[in-house]
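Text of structure20.cif, listed as mmCIF, C-alpha atoms and all ligand atoms:
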data_query
loop_
_atom_site.label_atom_id
_atom_site.label_comp_id
_atom_site.auth_asym_id
_atom_site.auth_seq_id
_atom_site.Cartn_x
_atom_site.Cartn_y
_atom_site.Cartn_z
CA MET E 1 -11.61 11.64 -11.68
CA LEU E 2 -12.26 10.80 -8.05
CA ASN E 3 -11.19 13.78 -5.96
CA ILE E 4 -11.44 13.32 -2.21
CA VAL E 5 -10.79 15.90 0.48
CA ILE E 6 -9.93 14.21 3.77
CA PHE E 7 -10.69 16.62 6.56
CA GLY E 8 -10.40 16.80 10.32
CA ALA E 9 -8.53 18.27 13.25
CA PRO E 10 -4.85 17.53 13.86
CA GLY E 11 -4.59 13.90 14.92
CA SER E 12 -7.97 12.93 13.49
CA GLY E 13 -6.41 10.17 11.37
CA LYS E 14 -6.25 11.84 7.96
CA GLY E 15 -2.87 10.36 7.04
CA THR E 16 -3.71 6.83 8.22
CA GLN E 17 -7.03 6.67 6.39
CA SER E 18 -5.56 8.34 3.28
CA GLU E 19 -3.13 5.44 2.84
CA LYS E 20 -6.00 2.95 2.88
CA ILE E 21 -8.08 5.05 0.46
CA VAL E 22 -5.10 5.38 -1.92
CA GLU E 23 -4.65 1.62 -1.91
CA LYS E 24 -8.31 0.86 -2.57
CA TYR E 25 -9.04 3.47 -5.25
CA GLY E 26 -5.58 3.95 -6.82
CA LEU E 27 -5.49 7.67 -6.14
CA ASP E 28 -2.57 10.07 -5.95
CA HIS E 29 -2.01 11.37 -2.43
CA ILE E 30 -1.13 15.02 -1.81
CA SER E 31 -0.41 15.66 1.88
CA THR E 32 0.52 19.30 2.38
CA GLY E 33 1.96 18.49 5.82
CA ASP E 34 4.26 15.89 4.24
CA VAL E 35 5.27 18.34 1.49
CA LEU E 36 6.18 20.96 4.08
CA ARG E 37 8.07 18.47 6.27
CA ALA E 38 10.11 17.40 3.21
CA GLU E 39 11.00 21.05 2.58
CA ILE E 40 12.05 21.43 6.23
CA LYS E 41 14.20 18.32 5.97
CA ALA E 42 15.85 19.66 2.80
CA ASP E 43 16.47 22.95 4.66
CA SER E 44 15.13 24.94 1.70
CA GLU E 45 14.11 28.58 1.99
CA LEU E 46 10.47 27.52 2.00
CA GLY E 47 11.23 24.87 4.63
CA ARG E 48 12.88 27.36 6.95
CA ALA E 49 9.93 29.75 6.70
CA ALA E 50 7.43 26.92 7.17
CA LYS E 51 9.22 25.57 10.25
CA GLN E 52 8.81 28.85 12.13
CA LEU E 53 5.05 28.76 11.56
CA ILE E 54 4.52 25.02 12.08
CA ASP E 55 6.47 24.94 15.35
CA ASN E 56 4.25 27.77 16.53
CA GLY E 57 1.03 25.97 15.55
CA GLN E 58 0.20 28.49 12.83
CA LEU E 59 -0.88 27.99 9.21
CA ILE E 60 1.29 28.73 6.20
CA PRO E 61 -0.16 31.76 4.31
CA ASP E 62 -2.89 30.91 1.78
CA ASP E 63 -1.19 32.31 -1.34
CA LEU E 64 1.96 30.28 -0.68
CA MET E 65 0.01 27.12 0.18
CA VAL E 66 -2.17 27.45 -2.94
CA SER E 67 0.86 27.77 -5.23
CA ILE E 68 2.50 24.72 -3.61
CA LEU E 69 -0.69 22.72 -4.10
CA GLU E 70 -1.08 23.87 -7.70
CA ALA E 71 2.50 22.79 -8.52
CA LYS E 72 1.89 19.33 -7.02
CA LEU E 73 -1.38 18.97 -8.91
CA ASN E 74 0.15 20.07 -12.23
CA ALA E 75 2.98 17.55 -11.80
CA LEU E 76 0.55 14.59 -11.85
CA THR E 77 0.19 12.56 -15.04
CA ASP E 78 -2.50 10.00 -15.90
CA SER E 79 -4.15 10.49 -12.52
CA LYS E 80 -7.29 8.53 -11.62
CA GLY E 81 -7.94 11.11 -8.95
CA VAL E 82 -6.41 12.73 -5.92
CA ILE E 83 -6.80 12.57 -2.18
CA PHE E 84 -6.16 15.99 -0.68
CA ASP E 85 -4.85 15.54 2.88
CA GLY E 86 -4.37 18.67 4.97
CA PHE E 87 -5.67 20.96 2.23
CA PRO E 88 -7.85 23.02 2.22
CA ARG E 89 -7.47 24.41 5.74
CA THR E 90 -9.18 27.77 5.11
CA ILE E 91 -12.14 28.95 3.06
CA ALA E 92 -9.76 30.81 0.71
CA GLN E 93 -7.94 27.51 0.06
CA ALA E 94 -11.23 25.69 -0.60
CA GLU E 95 -12.23 28.36 -3.12
CA ALA E 96 -8.83 28.12 -4.82
CA LEU E 97 -9.05 24.32 -5.01
CA LYS E 98 -12.50 24.49 -6.57
CA LYS E 99 -11.24 26.96 -9.17
CA MET E 100 -8.20 24.80 -10.00
CA LEU E 101 -10.33 21.67 -10.46
CA ASN E 102 -13.07 23.49 -12.39
CA LYS E 103 -10.43 24.68 -14.88
CA HIS E 104 -10.05 21.01 -15.88
CA ALA E 105 -13.81 20.38 -15.75
CA GLU E 106 -13.28 18.55 -12.44
CA ASP E 107 -14.58 19.05 -8.90
CA VAL E 108 -14.25 17.60 -5.42
CA THR E 109 -16.25 14.35 -5.34
CA ALA E 110 -16.57 14.14 -1.56
CA MET E 111 -15.27 15.86 1.54
CA ILE E 112 -14.76 13.31 4.29
CA GLU E 113 -14.88 14.82 7.77
CA LEU E 114 -13.26 12.66 10.47
CA ASP E 115 -14.84 13.78 13.73
CA VAL E 116 -12.81 13.05 16.88
CA PRO E 117 -13.28 14.63 20.36
CA GLU E 118 -10.53 17.01 21.51
CA ASP E 119 -9.38 14.95 24.50
CA GLU E 120 -8.75 12.00 22.19
CA LEU E 121 -6.88 14.25 19.70
CA MET E 122 -4.59 15.45 22.48
CA THR E 123 -3.90 11.86 23.63
CA ARG E 124 -3.10 10.68 20.09
CA LEU E 125 -0.85 13.63 19.23
CA LEU E 126 1.13 13.39 22.48
CA LEU E 127 1.69 9.68 21.77
CA ARG E 128 2.72 10.43 18.18
CA GLY E 129 5.11 13.10 19.45
CA GLN E 130 6.78 10.58 21.75
CA ALA E 131 7.04 7.97 18.99
CA SER E 132 8.08 10.20 16.08
CA GLY E 133 9.71 13.20 17.69
CA ARG E 134 7.59 15.52 15.52
CA ALA E 135 8.43 18.95 16.90
CA ASP E 136 4.85 20.29 16.66
CA ASP E 137 3.39 17.35 18.65
CA ASN E 138 3.96 18.84 22.10
CA GLU E 139 1.20 19.98 24.44
CA GLU E 140 1.69 23.73 24.00
CA THR E 141 1.81 23.61 20.19
CA ILE E 142 -1.07 21.12 19.98
CA LYS E 143 -3.27 23.53 21.96
CA LYS E 144 -2.43 26.31 19.50
CA ARG E 145 -3.13 24.02 16.53
CA LEU E 146 -6.53 23.11 17.95
CA ILE E 147 -7.42 26.80 18.37
CA VAL E 148 -6.33 27.48 14.77
CA TYR E 149 -8.36 24.48 13.62
CA ASN E 150 -11.50 25.65 15.43
CA GLU E 151 -11.18 29.23 14.22
CA GLN E 152 -9.89 28.90 10.64
CA THR E 153 -10.47 25.34 9.46
CA SER E 154 -13.69 24.05 11.01
CA PRO E 155 -15.85 26.64 9.12
CA LEU E 156 -15.06 24.49 6.05
CA LYS E 157 -17.65 21.97 7.27
CA GLU E 158 -20.42 24.46 6.52
CA TRP E 159 -18.70 25.52 3.29
CA TYR E 160 -18.65 21.93 1.99
CA LYS E 161 -22.22 21.31 3.22
CA ASN E 162 -23.31 24.28 1.10
CA ASP E 163 -21.33 22.85 -1.81
CA GLY E 164 -23.13 19.49 -1.37
CA LYS E 165 -19.90 17.55 -0.73
CA HIS E 166 -19.76 17.06 3.05
CA CYS E 167 -19.73 13.48 4.47
CA TYR E 168 -19.63 13.02 8.24
CA ILE E 169 -17.58 10.12 9.63
CA ASN E 170 -17.23 9.23 13.31
CA GLY E 171 -13.43 9.12 13.60
CA LEU E 172 -13.40 7.52 17.04
CA GLY E 173 -13.03 3.74 17.23
CA GLU E 174 -11.65 0.86 15.18
CA LEU E 175 -9.55 1.77 12.13
CA ASP E 176 -11.36 -0.76 9.91
CA ARG E 177 -14.83 0.43 10.93
CA ILE E 178 -13.83 4.02 10.16
CA PHE E 179 -12.41 2.94 6.80
CA ASN E 180 -15.58 1.00 5.94
CA ASP E 181 -17.67 4.08 6.73
CA ILE E 182 -15.43 6.17 4.44
CA VAL E 183 -15.73 3.64 1.60
CA ALA E 184 -19.53 3.66 1.95
CA ALA E 185 -19.56 7.46 1.78
CA ILE E 186 -17.31 7.56 -1.30
CA ASP E 187 -19.15 4.75 -3.08
CA SER E 188 -22.48 6.50 -2.58
CA ARG E 189 -21.09 9.42 -4.59
CA ILE E 190 -19.58 7.62 -7.59
P1 LIG I 201 -2.99 14.88 10.88
O1 LIG I 201 -2.43 14.43 12.18
O2 LIG I 201 -4.47 14.63 10.82
O3 LIG I 201 -2.26 14.31 9.73
P2 LIG I 201 -1.80 17.50 11.38
O4 LIG I 201 -2.54 18.79 11.60
O5 LIG I 201 -1.10 16.91 12.55
O6 LIG I 201 -2.82 16.47 10.75
P3 LIG I 201 -0.30 18.12 8.95
O7 LIG I 201 -1.48 18.07 8.05
O8 LIG I 201 0.80 17.21 8.70
O9 LIG I 201 -0.61 17.80 10.45
O10 LIG I 201 0.22 19.65 8.96
C1 LIG I 201 1.27 20.08 9.78
C2 LIG I 201 1.38 21.61 9.76
O11 LIG I 201 1.69 22.06 8.42
C3 LIG I 201 0.11 22.39 10.13
O12 LIG I 201 -0.04 22.53 11.53
C4 LIG I 201 0.34 23.72 9.39
O13 LIG I 201 1.21 24.56 10.12
C5 LIG I 201 1.05 23.31 8.12
N1 LIG I 201 0.09 23.09 7.01
C6 LIG I 201 -0.21 21.89 6.43
N2 LIG I 201 -1.14 22.04 5.48
C7 LIG I 201 -1.44 23.38 5.44
C8 LIG I 201 -2.35 24.16 4.69
N3 LIG I 201 -3.17 23.62 3.77
N4 LIG I 201 -2.41 25.50 4.94
C9 LIG I 201 -1.61 26.07 5.85
N5 LIG I 201 -0.74 25.38 6.61
C10 LIG I 201 -0.65 24.05 6.42
MG MG I 202 -1.03 14.12 8.45
#

Would you write out, as structure tokens, the structure that this file holds?
Amino acid sequence: MLNIVIFGAPGSGKGTQSEKIVEKYGLDHISTGDVLRAEIKADSELGRAAKQLIDNGQLIPDDLMVSILEAKLNALTDSKGVIFDGFPRTIAQAEALKKMLNKHAEDVTAMIELDVPEDELMTRLLLRGQASGRADDNEETIKKRLIVYNEQTSPLKEWYKNDGKHCYINGLGELDRIFNDIVAAIDSRI
């Protein structure tokens, strides 16, 4: 199986590039942000709890997030591989993912880091907020999300370097150039 972690700050283009990767490699796409937004829309108990945290720029607790991910993963059948979008966001989540995959004699094939400067992230997210009305894409919440990213999520770069899986991609510029760089990184590992 081809298991890809797509990684980067909020607004780095994970969702956009995931769609192109899914199309090219025929992978299943698990976006934890999309899963949580669906729960919010359905007004489930989980959705209501998640909304409080998301609107405040905070992460959902690891144990909850790991069980959500595990359920999504176990629901897949005949999968050629998975693109993990928005997960892991903490070292505890990365360790849990490795354990889950290892149980099936699988592992992450590559971790794709989309690197984008913070001023560009802010510009993109404010635009997305205007276009989509996403409640967490406002200046105050974006600032909190960037702090959470820097403190809790960005240490995963080192973690995946140590695991031999980290691939750096310049996430600033033309969508097609970024995608070509991602394809080259993936193809060098399969
Ligand atoms: P991008 O714009 O690159 O798609 P994003 O950070 O804007 O990324 P999502 O990945 O959609 O947005 O996540 C939205 C919110 O959902 C996060 O800010 C966080 O509160 C919550 N969330 C999503 N995935 C996780 C996770 N793995 N662990 C904890 N919280 C999560
Ligand atoms: Mg997304």

What residues have any atom no more than 10 Å from ligand MG 202 (chain I) when counting all atoms listed in the file, and can you list them as a ChimeraX atom specification? /E:8-18,31-34,85-86

Next, write the just-selected residues to a file, as a tab-separated table (two decimals), in the frame of the given file, keeping C-alpha atoms as the atom set.
chain	number	residue	atom	x	y	z
E	8	GLY	CA	-10.40	16.80	10.32
E	9	ALA	CA	-8.53	18.27	13.25
E	10	PRO	CA	-4.85	17.53	13.86
E	11	GLY	CA	-4.59	13.90	14.92
E	12	SER	CA	-7.97	12.93	13.49
E	13	GLY	CA	-6.41	10.17	11.37
E	14	LYS	CA	-6.25	11.84	7.96
E	15	GLY	CA	-2.87	10.36	7.04
E	16	THR	CA	-3.71	6.83	8.22
E	17	GLN	CA	-7.03	6.67	6.39
E	18	SER	CA	-5.56	8.34	3.28
E	31	SER	CA	-0.41	15.66	1.88
E	32	THR	CA	0.52	19.30	2.38
E	33	GLY	CA	1.96	18.49	5.82
E	34	ASP	CA	4.26	15.89	4.24
E	85	ASP	CA	-4.85	15.54	2.88
E	86	GLY	CA	-4.37	18.67	4.97

Could you tell me how far CA of Arg37 in chain E lies from CA of Lys103 in chain E, in Å and to one decimal?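 Result for CA of Arg37 in chain E versus CA of Lys103 in chain E: 28.8 Å, one decimal.
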
Might you pull out every residue within 10 Å of Glu19 in chain E, with all atoms listed in the file counted and same-chain residues fewer than 5 positions away left off, and present them as a list in words?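 Result of the neighbour search: Lys14, Lys24, Leu27, Asp28, His29 and Ile83 of chain E.
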
Selected residues, C-alpha atoms, written as an mmCIF file, in the frame of the given file, please.
data_model
loop_
_atom_site.group_PDB
_atom_site.id
_atom_site.type_symbol
_atom_site.label_atom_id
_atom_site.label_comp_id
_atom_site.auth_asym_id
_atom_site.auth_seq_id
_atom_site.Cartn_x
_atom_site.Cartn_y
_atom_site.Cartn_z
ATOM 1 C CA LYS E 14 -6.250 11.840 7.960
ATOM 2 C CA LYS E 24 -8.310 0.860 -2.570
ATOM 3 C CA LEU E 27 -5.490 7.670 -6.140
ATOM 4 C CA ASP E 28 -2.570 10.070 -5.950
ATOM 5 C CA HIS E 29 -2.010 11.370 -2.430
ATOM 6 C CA ILE E 83 -6.800 12.570 -2.180
#

Measure the distance from CA of Ile186 in chain E to CA of Gly26 in chain E in Å and round it to one decimal.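 Separation between CA of Ile186 in chain E and CA of Gly26 in chain E: 13.5 Å.
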
To one decimal in Å, tell me the separation between CA of Glu45 in chain E and atom C8 of ligand LIG 201 (chain I).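 Straight-line distance from CA of Glu45 in chain E to atom C8 of ligand LIG 201 (chain I) works out to 17.3 Å.
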
Write out as a VMD selection string which residues come within 8 Å of Gly57 in chain E when counting all atoms listed in the file, dropping same-chain ones fewer than 4 positions away. chain E and resid 53 136 141 to 142 144 to 145 148

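Residue nearest ligand LIG 201 (chain I) within the list E:Leu2, E:Ile21, E:Ala71, E:Leu114: E:Leu114 [criterion: smallest interatomic distance, only C-alpha atoms and all ligand atoms].
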
Excluding same-chain residues fewer than 2 positions from Met122 in chain E, what lies within 10 Å of it counting only C-alpha atoms, as a ChimeraX atom specification? /E:10-12,117-120,124-128,137-139,142-143,146

Please, which residues are within 9 Å of (-15.6, 11.2, 12.3) by the file's coordinates, counting all atoms listed in the file, and could they come as a PyMOL selection string? chain E and resi 8+12+112-116+168-172+178

Pull all heavy atoms for range 24-38 of chain E from the block and write them as an mmCIF file, in the first residue's frame.
data_model
loop_
_atom_site.group_PDB
_atom_site.id
_atom_site.type_symbol
_atom_site.label_atom_id
_atom_site.label_comp_id
_atom_site.auth_asym_id
_atom_site.auth_seq_id
_atom_site.Cartn_x
_atom_site.Cartn_y
_atom_site.Cartn_z
ATOM 1 N N LYS E 24 -4.340 10.768 -9.163
ATOM 2 C CA LYS E 24 -3.217 10.133 -9.859
ATOM 3 C C LYS E 24 -2.933 8.710 -9.362
ATOM 4 O O LYS E 24 -2.654 7.819 -10.154
ATOM 5 C CB LYS E 24 -1.949 10.979 -9.727
ATOM 6 C CG LYS E 24 -0.750 10.360 -10.446
ATOM 7 C CD LYS E 24 0.422 11.307 -10.534
ATOM 8 C CE LYS E 24 1.671 10.599 -11.016
ATOM 9 N NZ LYS E 24 1.658 10.331 -12.462
ATOM 10 N N TYR E 25 -2.994 8.507 -8.042
ATOM 11 C CA TYR E 25 -2.559 7.219 -7.487
ATOM 12 C C TYR E 25 -3.718 6.311 -7.054
ATOM 13 O O TYR E 25 -3.468 5.191 -6.589
ATOM 14 C CB TYR E 25 -1.615 7.443 -6.297
ATOM 15 C CG TYR E 25 -0.309 8.115 -6.677
ATOM 16 C CD1 TYR E 25 -0.150 9.489 -6.557
ATOM 17 C CD2 TYR E 25 0.772 7.370 -7.168
ATOM 18 C CE1 TYR E 25 1.041 10.120 -6.910
ATOM 19 C CE2 TYR E 25 1.964 7.981 -7.525
ATOM 20 C CZ TYR E 25 2.092 9.353 -7.395
ATOM 21 O OH TYR E 25 3.277 9.976 -7.743
ATOM 22 N N GLY E 26 -4.957 6.810 -7.159
ATOM 23 C CA GLY E 26 -6.116 5.986 -6.772
ATOM 24 C C GLY E 26 -6.165 5.664 -5.288
ATOM 25 O O GLY E 26 -6.512 4.551 -4.895
ATOM 26 N N LEU E 27 -5.826 6.646 -4.480
ATOM 27 C CA LEU E 27 -5.795 6.417 -3.028
ATOM 28 C C LEU E 27 -7.130 6.777 -2.387
ATOM 29 O O LEU E 27 -7.926 7.522 -2.954
ATOM 30 C CB LEU E 27 -4.703 7.291 -2.385
ATOM 31 C CG LEU E 27 -3.284 7.116 -2.911
ATOM 32 C CD1 LEU E 27 -2.341 8.041 -2.158
ATOM 33 C CD2 LEU E 27 -2.834 5.666 -2.799
ATOM 34 N N ASP E 28 -7.360 6.250 -1.179
ATOM 35 C CA ASP E 28 -8.450 6.748 -0.346
ATOM 36 C C ASP E 28 -7.955 7.977 0.401
ATOM 37 O O ASP E 28 -6.792 8.044 0.803
ATOM 38 C CB ASP E 28 -8.880 5.663 0.651
ATOM 39 C CG ASP E 28 -9.582 4.515 -0.056
ATOM 40 O OD1 ASP E 28 -10.656 4.756 -0.613
ATOM 41 O OD2 ASP E 28 -9.028 3.392 -0.057
ATOM 42 N N HIS E 29 -8.844 8.937 0.587
ATOM 43 C CA HIS E 29 -8.493 10.213 1.213
ATOM 44 C C HIS E 29 -9.166 10.305 2.575
ATOM 45 O O HIS E 29 -10.386 10.252 2.658
ATOM 46 C CB HIS E 29 -8.991 11.345 0.292
ATOM 47 C CG HIS E 29 -8.668 12.728 0.774
ATOM 48 N ND1 HIS E 29 -9.348 13.832 0.326
ATOM 49 C CD2 HIS E 29 -7.746 13.194 1.645
ATOM 50 C CE1 HIS E 29 -8.854 14.925 0.893
ATOM 51 N NE2 HIS E 29 -7.874 14.565 1.698
ATOM 52 N N ILE E 30 -8.374 10.415 3.636
ATOM 53 C CA ILE E 30 -8.958 10.666 4.958
ATOM 54 C C ILE E 30 -8.519 12.054 5.405
ATOM 55 O O ILE E 30 -7.345 12.271 5.707
ATOM 56 C CB ILE E 30 -8.531 9.603 6.000
ATOM 57 C CG1 ILE E 30 -8.963 8.199 5.542
ATOM 58 C CG2 ILE E 30 -9.148 9.941 7.361
ATOM 59 C CD1 ILE E 30 -8.591 7.084 6.517
ATOM 60 N N SER E 31 -9.460 13.001 5.394
ATOM 61 C CA SER E 31 -9.200 14.360 5.879
ATOM 62 C C SER E 31 -9.894 14.512 7.219
ATOM 63 O O SER E 31 -11.124 14.515 7.293
ATOM 64 C CB SER E 31 -9.744 15.396 4.888
ATOM 65 O OG SER E 31 -9.926 16.650 5.546
ATOM 66 N N THR E 32 -9.105 14.623 8.286
ATOM 67 C CA THR E 32 -9.733 14.701 9.618
ATOM 68 C C THR E 32 -10.532 15.998 9.768
ATOM 69 O O THR E 32 -11.568 16.009 10.425
ATOM 70 C CB THR E 32 -8.698 14.549 10.748
ATOM 71 O OG1 THR E 32 -7.568 15.376 10.473
ATOM 72 C CG2 THR E 32 -8.258 13.120 10.875
ATOM 73 N N GLY E 33 -10.076 17.081 9.120
ATOM 74 C CA GLY E 33 -10.844 18.328 9.158
ATOM 75 C C GLY E 33 -12.218 18.130 8.526
ATOM 76 O O GLY E 33 -13.240 18.566 9.070
ATOM 77 N N ASP E 34 -12.255 17.440 7.374
ATOM 78 C CA ASP E 34 -13.542 17.181 6.704
ATOM 79 C C ASP E 34 -14.437 16.286 7.566
ATOM 80 O O ASP E 34 -15.653 16.499 7.638
ATOM 81 C CB ASP E 34 -13.329 16.510 5.332
ATOM 82 C CG ASP E 34 -12.753 17.478 4.296
ATOM 83 O OD1 ASP E 34 -12.711 18.703 4.574
ATOM 84 O OD2 ASP E 34 -12.341 17.019 3.211
ATOM 85 N N VAL E 35 -13.837 15.276 8.207
ATOM 86 C CA VAL E 35 -14.621 14.385 9.075
ATOM 87 C C VAL E 35 -15.264 15.198 10.196
ATOM 88 O O VAL E 35 -16.468 15.069 10.478
ATOM 89 C CB VAL E 35 -13.720 13.272 9.685
ATOM 90 C CG1 VAL E 35 -14.475 12.479 10.746
ATOM 91 C CG2 VAL E 35 -13.186 12.347 8.597
ATOM 92 N N LEU E 36 -14.471 16.079 10.807
ATOM 93 C CA LEU E 36 -14.999 16.877 11.923
ATOM 94 C C LEU E 36 -16.068 17.862 11.449
ATOM 95 O O LEU E 36 -17.094 18.034 12.107
ATOM 96 C CB LEU E 36 -13.857 17.621 12.626
ATOM 97 C CG LEU E 36 -12.842 16.707 13.326
ATOM 98 C CD1 LEU E 36 -11.601 17.502 13.750
ATOM 99 C CD2 LEU E 36 -13.468 16.028 14.544
ATOM 100 N N ARG E 37 -15.839 18.474 10.270
ATOM 101 C CA ARG E 37 -16.849 19.415 9.759
ATOM 102 C C ARG E 37 -18.163 18.697 9.427
ATOM 103 O O ARG E 37 -19.241 19.255 9.611
ATOM 104 C CB ARG E 37 -16.312 20.191 8.544
ATOM 105 C CG ARG E 37 -15.391 21.357 8.969
ATOM 106 C CD ARG E 37 -14.928 22.199 7.800
ATOM 107 N NE ARG E 37 -13.980 21.497 6.949
ATOM 108 C CZ ARG E 37 -12.665 21.418 7.185
ATOM 109 N NH1 ARG E 37 -12.142 22.022 8.244
ATOM 110 N NH2 ARG E 37 -11.872 20.741 6.391
ATOM 111 N N ALA E 38 -18.081 17.450 8.974
ATOM 112 C CA ALA E 38 -19.302 16.670 8.711
ATOM 113 C C ALA E 38 -20.046 16.397 10.023
ATOM 114 O O ALA E 38 -21.284 16.452 10.068
ATOM 115 C CB ALA E 38 -18.946 15.362 8.004
#
